[in-house]
$ cat model_39.pdb   # PDB, C-alpha atoms
MODEL        1
ATOM      1  CA  MET H  30     -84.324  69.039 -47.991
ATOM      2  CA  LEU H  31     -82.608  70.210 -44.798
ATOM      3  CA  ASN H  32     -81.600  66.643 -43.962
ATOM      4  CA  GLY H  33     -80.094  66.297 -47.437
ATOM      5  CA  ILE H  34     -78.021  69.451 -46.965
ATOM      6  CA  LEU H  35     -76.838  68.316 -43.543
ATOM      7  CA  ASP H  36     -75.916  64.884 -44.882
ATOM      8  CA  ASP H  37     -73.973  66.500 -47.721
ATOM      9  CA  LEU H  38     -72.085  68.762 -45.292
ATOM     10  CA  LYS H  39     -71.353  65.816 -43.015
ATOM     11  CA  LEU H  40     -69.986  63.806 -45.947
ATOM     12  CA  LYS H  41     -67.721  66.671 -47.025
ATOM     13  CA  PHE H  42     -66.474  67.072 -43.466
ATOM     14  CA  ASN H  43     -65.714  63.367 -43.047
ATOM     15  CA  THR H  44     -63.995  63.007 -46.417
ATOM     16  CA  GLY H  45     -62.221  66.374 -46.465
ATOM     17  CA  ASN H  46     -58.630  67.033 -45.472
ATOM     18  CA  ILE H  47     -57.684  68.582 -42.134
ATOM     19  CA  ALA H  48     -57.944  72.130 -43.521
ATOM     20  CA  THR H  49     -61.552  71.443 -44.554
ATOM     21  CA  LYS H  50     -62.321  70.194 -41.052
ATOM     22  CA  ILE H  51     -60.731  73.269 -39.458
ATOM     23  CA  ILE H  52     -62.785  75.541 -41.717
ATOM     24  CA  TYR H  53     -66.006  73.710 -40.835
ATOM     25  CA  ILE H  54     -65.251  73.906 -37.110
ATOM     26  CA  ASN H  55     -64.530  77.639 -37.313
ATOM     27  CA  VAL H  56     -67.774  78.273 -39.190
ATOM     28  CA  VAL H  57     -69.828  76.223 -36.703
ATOM     29  CA  ILE H  58     -68.261  78.021 -33.735
ATOM     30  CA  PHE H  59     -68.878  81.424 -35.320
ATOM     31  CA  PHE H  60     -72.600  80.845 -35.921
ATOM     32  CA  SER H  61     -73.052  79.073 -32.580
ATOM     33  CA  LEU H  62     -71.635  82.080 -30.741
ATOM     34  CA  PHE H  63     -73.724  84.374 -32.941
ATOM     35  CA  ILE H  64     -76.819  82.649 -31.568
ATOM     36  CA  LEU H  65     -75.644  82.209 -27.969
ATOM     37  CA  ASP H  66     -74.111  85.659 -27.550
ATOM     38  CA  GLY H  67     -75.674  87.819 -30.261
ATOM     39  CA  LEU H  68     -79.240  86.665 -29.755
ATOM     40  CA  LEU H  69     -79.353  85.093 -26.293
ATOM     41  CA  LYS H  70     -76.802  87.482 -24.721
ATOM     42  CA  LEU H  71     -74.991  84.763 -22.746
ATOM     43  CA  GLY H  72     -71.570  86.429 -22.967
ATOM     44  CA  ILE H  73     -69.603  83.258 -23.706
ATOM     45  CA  ARG H  74     -67.051  85.049 -25.915
ATOM     46  CA  ASP H  75     -65.779  86.990 -22.904
ATOM     47  CA  PHE H  76     -64.380  83.765 -21.450
ATOM     48  CA  LEU H  77     -62.796  82.583 -24.716
ATOM     49  CA  GLU H  78     -61.055  85.680 -26.122
ATOM     50  CA  LEU H  79     -57.432  86.262 -25.124
ATOM     51  CA  PRO H  80     -56.798  89.253 -22.810
ATOM     52  CA  ARG H  81     -53.412  90.822 -22.070
ATOM     53  CA  LEU H  82     -51.522  89.710 -18.959
ATOM     54  CA  GLU H  83     -52.472  92.886 -17.128
ATOM     55  CA  GLN H  84     -56.115  92.530 -18.171
ATOM     56  CA  GLY H  85     -56.835  89.225 -16.446
ATOM     57  CA  PHE H  86     -55.214  86.473 -18.528
ATOM     58  CA  LEU H  87     -54.267  84.529 -15.389
ATOM     59  CA  GLU H  88     -57.972  84.275 -14.552
ATOM     60  CA  GLN H  89     -58.707  82.516 -17.865
ATOM     61  CA  PRO H  90     -55.505  80.833 -19.107
ATOM     62  CA  TRP H  91     -57.493  78.507 -21.390
ATOM     63  CA  SER H  92     -58.089  81.496 -23.663
ATOM     64  CA  LEU H  93     -54.565  80.990 -25.049
ATOM     65  CA  PHE H  94     -55.993  77.883 -26.758
ATOM     66  CA  THR H  95     -59.530  79.079 -27.495
ATOM     67  CA  TYR H  96     -58.983  82.576 -28.918
ATOM     68  CA  SER H  97     -57.869  81.294 -32.327
ATOM     69  CA  TRP H  98     -61.246  79.634 -32.931
ATOM     70  CA  LEU H  99     -63.155  82.919 -32.605
ATOM     71  CA  HIS H 100     -63.754  85.684 -35.157
ATOM     72  CA  TRP H 101     -65.048  89.210 -34.693
ATOM     73  CA  ASP H 102     -67.476  89.250 -37.616
ATOM     74  CA  PHE H 103     -68.358  87.382 -40.803
ATOM     75  CA  LEU H 104     -65.839  89.310 -42.924
ATOM     76  CA  HIS H 105     -63.054  88.428 -40.465
ATOM     77  CA  LEU H 106     -64.088  84.769 -40.620
ATOM     78  CA  ALA H 107     -64.398  84.698 -44.418
ATOM     79  CA  MET H 108     -61.010  86.315 -45.061
ATOM     80  CA  ASN H 109     -59.205  83.970 -42.686
ATOM     81  CA  MET H 110     -60.891  80.845 -44.014
ATOM     82  CA  ILE H 111     -60.171  81.769 -47.647
ATOM     83  CA  LEU H 112     -56.520  82.368 -46.791
ATOM     84  CA  LEU H 113     -56.390  79.103 -44.832
ATOM     85  CA  TYR H 114     -57.818  77.193 -47.803
ATOM     86  CA  PHE H 115     -55.167  78.423 -50.236
ATOM     87  CA  VAL H 116     -52.225  78.200 -47.811
ATOM     88  CA  ALA H 117     -53.265  74.669 -46.839
ATOM     89  CA  GLN H 118     -53.161  73.571 -50.480
ATOM     90  CA  LEU H 119     -49.514  74.670 -50.639
ATOM     91  CA  PHE H 120     -48.641  73.053 -47.311
ATOM     92  CA  LEU H 121     -50.280  69.728 -48.141
ATOM     93  CA  ARG H 122     -48.288  69.461 -51.363
ATOM     94  CA  PHE H 123     -45.341  68.530 -49.173
ATOM     95  CA  PHE H 124     -46.698  67.317 -45.825
ATOM     96  CA  ARG H 125     -49.463  65.352 -44.141
ATOM     97  CA  ASP H 126     -52.714  66.401 -42.473
ATOM     98  CA  GLN H 127     -51.303  65.832 -38.994
ATOM     99  CA  ASN H 128     -48.314  68.061 -39.767
ATOM    100  CA  LEU H 129     -50.689  70.837 -40.828
ATOM    101  CA  LEU H 130     -52.627  70.491 -37.586
ATOM    102  CA  THR H 131     -49.399  70.710 -35.569
ATOM    103  CA  PHE H 132     -48.209  73.907 -37.239
ATOM    104  CA  TYR H 133     -51.681  75.441 -37.136
ATOM    105  CA  LEU H 134     -52.368  74.779 -33.447
ATOM    106  CA  PHE H 135     -48.949  75.670 -32.076
ATOM    107  CA  GLY H 136     -48.575  78.610 -34.462
ATOM    108  CA  ALA H 137     -51.734  80.078 -32.927
ATOM    109  CA  ILE H 138     -50.386  79.440 -29.425
ATOM    110  CA  ALA H 139     -47.071  81.095 -30.332
ATOM    111  CA  GLY H 140     -48.970  84.118 -31.657
ATOM    112  CA  GLY H 141     -50.957  84.308 -28.436
ATOM    113  CA  ILE H 142     -47.806  84.120 -26.296
ATOM    114  CA  LEU H 143     -46.160  86.963 -28.214
ATOM    115  CA  PHE H 144     -49.353  89.008 -27.787
ATOM    116  CA  LEU H 145     -49.165  88.427 -24.031
ATOM    117  CA  LEU H 146     -45.494  89.343 -23.719
ATOM    118  CA  PHE H 147     -45.018  92.074 -26.342
ATOM    119  CA  PRO H 148     -43.967  95.350 -24.632
ATOM    120  CA  ILE H 149     -46.702  97.514 -26.123
ATOM    121  CA  LYS H 150     -49.880  98.245 -24.228
ATOM    122  CA  SER H 151     -53.028  97.257 -26.028
ATOM    123  CA  SER H 152     -56.539  97.306 -24.614
ATOM    124  CA  ASN H 153     -57.778  94.961 -27.345
ATOM    125  CA  LEU H 154     -58.681  91.361 -26.715
ATOM    126  CA  LEU H 155     -57.318  88.862 -29.225
ATOM    127  CA  ALA H 156     -59.403  86.617 -31.464
ATOM    128  CA  GLY H 157     -58.864  84.995 -34.850
ATOM    129  CA  SER H 158     -57.038  82.128 -36.519
ATOM    130  CA  SER H 159     -54.593  84.194 -38.585
ATOM    131  CA  ALA H 160     -51.532  83.431 -36.405
ATOM    132  CA  GLY H 161     -52.017  79.727 -37.080
ATOM    133  CA  ILE H 162     -52.525  80.365 -40.803
ATOM    134  CA  TYR H 163     -49.372  82.488 -40.990
ATOM    135  CA  ALA H 164     -47.485  79.679 -39.252
ATOM    136  CA  LEU H 165     -48.460  77.393 -42.143
ATOM    137  CA  LEU H 166     -47.496  80.001 -44.735
ATOM    138  CA  PHE H 167     -44.073  80.632 -43.230
ATOM    139  CA  ALA H 168     -43.474  76.907 -42.767
ATOM    140  CA  VAL H 169     -43.819  76.567 -46.539
ATOM    141  CA  ILE H 170     -41.573  79.620 -47.047
ATOM    142  CA  SER H 171     -38.951  78.086 -44.758
ATOM    143  CA  TYR H 172     -39.108  74.757 -46.574
ATOM    144  CA  ASN H 173     -39.222  76.047 -50.152
ATOM    145  CA  PRO H 174     -38.738  79.848 -50.409
ATOM    146  CA  LYS H 175     -38.548  79.708 -54.213
ATOM    147  CA  LEU H 176     -41.901  77.949 -54.601
ATOM    148  CA  PRO H 177     -43.719  79.838 -57.401
ATOM    149  CA  VAL H 178     -47.154  81.220 -56.546
ATOM    150  CA  ARG H 179     -49.590  83.169 -58.676
ATOM    151  CA  MET H 180     -52.128  85.764 -57.576
ATOM    152  CA  VAL H 181     -55.354  86.811 -59.250
ATOM    153  CA  LEU H 182     -54.909  89.640 -61.813
ATOM    154  CA  ILE H 183     -51.107  89.222 -61.781
ATOM    155  CA  PRO H 184     -49.977  87.535 -65.039
ATOM    156  CA  SER H 185     -46.684  86.051 -63.827
ATOM    157  CA  SER H 186     -45.775  83.951 -60.800
ATOM    158  CA  PHE H 187     -43.276  84.946 -58.141
ATOM    159  CA  PRO H 188     -41.458  83.154 -55.281
ATOM    160  CA  ILE H 189     -43.573  82.631 -52.181
ATOM    161  CA  LEU H 190     -40.835  84.335 -50.149
ATOM    162  CA  TYR H 191     -41.912  87.689 -51.643
ATOM    163  CA  PHE H 192     -45.433  86.978 -50.456
ATOM    164  CA  GLY H 193     -44.012  86.582 -46.944
ATOM    165  CA  TYR H 194     -42.169  89.904 -47.168
ATOM    166  CA  VAL H 195     -45.468  91.639 -47.923
ATOM    167  CA  PHE H 196     -47.178  90.171 -44.855
ATOM    168  CA  ILE H 197     -44.255  91.009 -42.572
ATOM    169  CA  GLY H 198     -44.145  94.576 -43.897
ATOM    170  CA  ILE H 199     -47.873  95.118 -43.383
ATOM    171  CA  ASP H 200     -47.810  93.872 -39.796
ATOM    172  CA  LEU H 201     -44.667  95.790 -38.834
ATOM    173  CA  LEU H 202     -46.214  98.961 -40.248
ATOM    174  CA  GLN H 203     -49.412  98.401 -38.266
ATOM    175  CA  ILE H 204     -47.396  97.883 -35.071
ATOM    176  CA  ILE H 205     -45.366 101.057 -35.668
ATOM    177  CA  LEU H 206     -48.516 103.069 -36.373
ATOM    178  CA  LYS H 207     -50.333 101.391 -33.447
ATOM    179  CA  SER H 208     -53.312 100.531 -35.601
ATOM    180  CA  SER H 209     -56.645  99.266 -34.328
ATOM    181  CA  ASN H 210     -55.480  95.714 -35.102
ATOM    182  CA  LEU H 211     -52.277  96.068 -33.061
ATOM    183  CA  GLY H 212     -52.856  92.849 -31.112
ATOM    184  CA  GLY H 213     -53.582  90.907 -34.279
ATOM    185  CA  SER H 214     -50.400  92.129 -35.967
ATOM    186  CA  ILE H 215     -48.322  91.114 -32.938
ATOM    187  CA  SER H 216     -49.832  87.626 -32.956
ATOM    188  CA  HIS H 217     -49.190  87.343 -36.705
ATOM    189  CA  LEU H 218     -45.454  87.853 -36.128
ATOM    190  CA  GLY H 219     -45.509  85.136 -33.473
ATOM    191  CA  GLY H 220     -47.156  82.706 -35.869
ATOM    192  CA  MET H 221     -44.723  83.602 -38.668
ATOM    193  CA  ALA H 222     -41.679  83.094 -36.416
ATOM    194  CA  PHE H 223     -42.977  79.754 -35.143
ATOM    195  CA  GLY H 224     -43.772  78.403 -38.613
ATOM    196  CA  TYR H 225     -40.406  79.402 -40.054
ATOM    197  CA  LEU H 226     -38.235  78.236 -37.136
ATOM    198  CA  TYR H 227     -40.106  75.030 -36.321
ATOM    199  CA  MET H 228     -39.893  73.947 -39.965
ATOM    200  CA  LYS H 229     -36.094  74.093 -39.658
ATOM    201  CA  GLN H 230     -36.325  71.601 -36.795
ATOM    202  CA  PHE H 231     -39.018  69.582 -38.540
ATOM    203  CA  GLU H 232     -36.770  69.011 -41.562
ATOM    204  CA  LYS H 233     -34.148  67.549 -39.204
ATOM    205  CA  GLY H 234     -36.709  65.108 -37.801
ATOM    206  CA  ASN H 235     -37.300  67.028 -34.540
ATOM    207  CA  ASP H 236     -41.098  66.988 -34.404
ATOM    208  CA  PHE H 237     -41.720  66.789 -30.647
ATOM    209  CA  LEU H 238     -44.857  68.931 -30.933
ATOM    210  CA  GLY H 239     -46.185  66.613 -33.625
ATOM    211  CA  ASN H 240     -45.801  63.738 -31.167
ATOM    212  CA  ILE H 241     -48.037  65.617 -28.718
ATOM    213  CA  VAL H 242     -50.687  66.131 -31.408
ATOM    214  CA  SER H 243     -50.405  62.481 -32.448
ATOM    215  CA  LYS H 244     -51.001  61.272 -28.888
ATOM    216  CA  GLY H 245     -53.973  63.607 -28.562
ATOM    217  CA  LEU H 246     -55.504  62.326 -31.791
ATOM    218  CA  ASN H 247     -54.947  58.736 -30.693
ATOM    219  CA  LEU H 248     -56.770  59.368 -27.411
ATOM    220  CA  PHE H 249     -59.593  61.098 -29.258
ATOM    221  CA  SER H 250     -60.053  58.231 -31.715
ATOM    222  CA  GLN H 251     -59.775  55.326 -29.257
ATOM    223  CA  LYS H 252     -63.527  54.865 -29.112
ATOM    224  CA  GLU H 253     -63.752  54.696 -32.900
ATOM    225  CA  ARG H 254     -61.136  51.956 -33.040
ATOM    226  CA  LYS H 255     -62.941  49.740 -30.531
ATOM    227  CA  THR H 256     -64.884  46.888 -32.148
ATOM    228  CA  THR H 257     -66.720  43.774 -31.014
ATOM    229  CA  PHE H 258     -65.299  41.713 -33.862
ATOM    230  CA  LYS H 259     -62.243  39.552 -33.351
ATOM    231  CA  THR H 260     -59.459  39.572 -35.874
ATOM    232  CA  TYR H 261     -57.460  36.492 -36.843
ATOM    233  CA  LYS H 262     -54.027  36.258 -38.325
ATOM    234  CA  ASN H 263     -53.538  34.151 -41.422
ATOM    235  CA  LYS H 264     -51.116  31.365 -40.455
ATOM    236  CA  HIS H 265     -49.775  31.293 -43.984
ATOM    237  CA  THR H 266     -48.976  35.029 -43.989
ATOM    238  CA  THR H 267     -45.273  35.694 -44.032
ATOM    239  CA  THR H 268     -43.885  37.701 -41.143
ATOM    240  CA  ASN H 269     -41.546  39.636 -43.425
ATOM    241  CA  GLN H 270     -44.129  42.292 -44.226
ATOM    242  CA  THR H 271     -43.291  45.905 -44.930
ATOM    243  CA  LYS H 272     -43.740  48.065 -41.851
ATOM    244  CA  PRO H 273     -45.787  51.256 -42.238
ATOM    245  CA  LYS H 274     -43.681  54.391 -42.442
ATOM    246  CA  THR H 275     -43.546  56.761 -39.509
ATOM    247  CA  ASP H 276     -44.342  60.442 -40.069
ATOM    248  CA  TYR H 277     -40.643  61.254 -39.890
ATOM    249  CA  GLU H 278     -39.705  58.583 -42.461
ATOM    250  CA  PHE H 279     -42.520  59.658 -44.772
ATOM    251  CA  ASN H 280     -41.703  63.367 -44.555
ATOM    252  CA  HIS H 281     -37.951  62.792 -44.806
ATOM    253  CA  GLN H 282     -38.374  60.785 -48.016
ATOM    254  CA  LYS H 283     -40.782  63.382 -49.401
ATOM    255  CA  ILE H 284     -38.386  66.221 -48.624
ATOM    256  CA  GLU H 285     -35.418  64.416 -50.196
ATOM    257  CA  LYS H 286     -37.489  63.552 -53.262
ATOM    258  CA  GLN H 287     -38.603  67.168 -53.671
ATOM    259  CA  LYS H 288     -35.014  68.384 -53.340
ATOM    260  CA  ARG H 289     -33.954  66.040 -56.144
ATOM    261  CA  ILE H 290     -36.832  67.212 -58.344
ATOM    262  CA  ASP H 291     -35.854  70.844 -57.719
ATOM    263  CA  SER H 292     -32.236  70.033 -58.604
ATOM    264  CA  ILE H 293     -33.255  68.358 -61.881
ATOM    265  CA  LEU H 294     -35.574  71.206 -62.839
ATOM    266  CA  ASP H 295     -32.808  73.683 -62.094
ATOM    267  CA  LYS H 296     -30.477  71.695 -64.355
ATOM    268  CA  ILE H 297     -33.083  71.745 -67.132
ATOM    269  CA  SER H 298     -33.533  75.517 -66.862
ATOM    270  CA  LYS H 299     -29.783  76.071 -67.133
ATOM    271  CA  SER H 300     -28.671  73.457 -69.686
ATOM    272  CA  GLY H 301     -31.802  71.959 -71.204
ATOM    273  CA  TYR H 302     -33.459  68.561 -70.936
ATOM    274  CA  GLU H 303     -30.732  66.802 -72.954
ATOM    275  CA  SER H 304     -28.182  67.600 -70.239
ATOM    276  CA  LEU H 305     -29.911  65.146 -67.869
ATOM    277  CA  SER H 306     -28.471  61.716 -67.236
ATOM    278  CA  LYS H 307     -30.547  58.616 -67.964
ATOM    279  CA  GLU H 308     -31.019  58.157 -64.234
ATOM    280  CA  ASP H 309     -32.369  61.703 -63.862
ATOM    281  CA  LYS H 310     -34.735  61.240 -66.820
ATOM    282  CA  ASP H 311     -36.040  57.939 -65.444
ATOM    283  CA  PHE H 312     -36.565  59.487 -62.016
ATOM    284  CA  LEU H 313     -38.445  62.461 -63.477
ATOM    285  CA  PHE H 314     -40.579  60.137 -65.601
ATOM    286  CA  ARG H 315     -41.524  57.995 -62.578
ATOM    287  CA  GLU H 316     -42.421  61.027 -60.475
ATOM    288  CA  GLY H 317     -44.480  62.492 -63.282
ATOM    289  CA  ARG H 318     -46.616  59.348 -63.375
ATOM    290  CA  SER H 319     -47.077  59.038 -59.598
TER
ENDMDL
END

$ encode --input "model_39.pdb" --output "structure tokens"
Amino acid sequence: MLNGILDDLKLKFNTGNIATKIIYINVVIFFSLFILDGLLKLGIRDFLELPRLEQGFLEQPWSLFTYSWLHWDFLHLAMNMILLYFVAQLFLRFFRDQNLLTFYLFGAIAGGILFLLFPIKSSNLLAGSSAGIYALLFAVISYNPKLPVRMVLIPSSFPILYFGYVFIGIDLLQIILKSSNLGGSISHLGGMAFGYLYMKQFEKGNDFLGNIVSKGLNLFSQKERKTTFKTYKNKHTTTNQTKPKTDYEFNHQKIEKQKRIDSILDKISKSGYESLSKEDKDFLFREGRS
């Protein structure tokens, strides 16, 4: 029975999107540290959580990368993973898995940097993935601030931008009041700022951080691509084959397509469906079938 459960989990991990993989990794790390630190008292967390500059960060600089994979307790983990799941669904409506990984990883790093540099003393260590999650949320807000979202128990939808205002307000209030989660709120603002500003560059095709992630993934998957079988080219195959799209070409086309859809829908809301040209109707019909 246990083998069946493990096989099922492995299948879901291998076939899931990048958000699913991130959730699985966070859960595995949480329970691994629960055993190693909670039961065996090895104290591994102390070397992975992010301390302030004045509290010894220079002695463990790797914690800028590791802190976002740790969570204080099960409730902290569950809340972050639920939020990640829903935000990822919005993000992946417009972009690819690799883009999500880029915003998530560097959003967490940006949150950690702001935590290190923010001019408020805090004795708390930093842990949690929320800065990376907020980077994804504010990337979507930057790209499409009018995107309608709906919350449980609220009958009508509202623009996702309002959702962002709520998060900003909560974190600013916690910083002003110097709450117990002061460090977390500071890192949230760093993730928000990164997601919003980097999306502006991303839309222009400036995805230099994505190139870093891409190279890292390529190095990681080199062993999987190695094979003992030789491949042969068909001599009768024409050389005028369509080249695969780059991430920039794919995302640029997707962004332009979404902008045209938004423009058509706006025209419908103002003047009705009959105001559309034949070209607009054909375009909307094709997109509705894809």

$ closest_atom_pairs --input "model_39.pdb" --of "range 50-156 of chain H" --to "range 211-222 of chain H" --cutoff "8 Å" --atoms "all atoms listed in the file" --output "JSON lines"
{"residue": "H:Gly136", "atom": "CA", "partner": "H:Gly220", "partner_atom": "CA", "distance": 4.6}
{"residue": "H:Ala137", "atom": "CA", "partner": "H:Gly220", "partner_atom": "CA", "distance": 6.0}
{"residue": "H:Ile138", "atom": "CA", "partner": "H:Gly220", "partner_atom": "CA", "distance": 7.9}
{"residue": "H:Ala139", "atom": "CA", "partner": "H:Gly219", "partner_atom": "CA", "distance": 5.4}
{"residue": "H:Gly140", "atom": "CA", "partner": "H:Ser216", "partner_atom": "CA", "distance": 3.8}
{"residue": "H:Gly141", "atom": "CA", "partner": "H:Ser216", "partner_atom": "CA", "distance": 5.7}
{"residue": "H:Ile142", "atom": "CA", "partner": "H:Gly219", "partner_atom": "CA", "distance": 7.6}
{"residue": "H:Leu143", "atom": "CA", "partner": "H:Gly219", "partner_atom": "CA", "distance": 5.6}
{"residue": "H:Phe144", "atom": "CA", "partner": "H:Ser216", "partner_atom": "CA", "distance": 5.4}
{"residue": "H:Phe147", "atom": "CA", "partner": "H:Ile215", "partner_atom": "CA", "distance": 7.4}
{"residue": "H:Ser151", "atom": "CA", "partner": "H:Gly212", "partner_atom": "CA", "distance": 6.7}
{"residue": "H:Asn153", "atom": "CA", "partner": "H:Gly212", "partner_atom": "CA", "distance": 6.5}
{"residue": "H:Leu154", "atom": "CA", "partner": "H:Gly212", "partner_atom": "CA", "distance": 7.4}
{"residue": "H:Leu155", "atom": "CA", "partner": "H:Gly212", "partner_atom": "CA", "distance": 6.3}
{"residue": "H:Ala156", "atom": "CA", "partner": "H:Gly213", "partner_atom": "CA", "distance": 7.8}

$ residues_around --input "model_39.pdb" --residues "Leu87 in chain H" --least-positions-apart "6" --cutoff "12 Å" --atoms "all atoms listed in the file" --output "list in words"
Phe76, Leu79, Pro80, Arg81, Leu93 and Leu145 of chain H

$ write_last_selection --input "model_39.pdb" --atoms "C-alpha atoms" --output "tab-separated table (two decimals), in the coordinates of the input"
chain	number	residue	atom	x	y	z
H	76	PHE	CA	-64.38	83.76	-21.45
H	79	LEU	CA	-57.43	86.26	-25.12
H	80	PRO	CA	-56.80	89.25	-22.81
H	81	ARG	CA	-53.41	90.82	-22.07
H	93	LEU	CA	-54.56	80.99	-25.05
H	145	LEU	CA	-49.16	88.43	-24.03

$ closest_residue --input "model_39.pdb" --among "H:Leu106, H:Phe124, H:Lys150, H:Phe94" --to "Leu82 in chain H" --atoms "all atoms listed in the file"
H:Lys150

$ atom_distance --input "model_39.pdb" --atom1 "CA of Glu285 in chain H" --atom2 "CA of Leu166 in chain H"
20.5 Å

$ atom_distance --input "model_39.pdb" --atom1 "CA of Val116 in chain H" --atom2 "CA of Asp236 in chain H"
20.7 Å

$ resolve_selection --input "model_39.pdb" --expression "the PyMOL selection byres ((chain H and resi 52-55) around 8)" --output "PyMOL selection string"
chain H and resi 42+48-51+56-59+98-99+106+110+113

$ atom_distance --input "model_39.pdb" --atom1 "CA of Gly157 in chain H" --atom2 "CA of Tyr96 in chain H"
6.4 Å
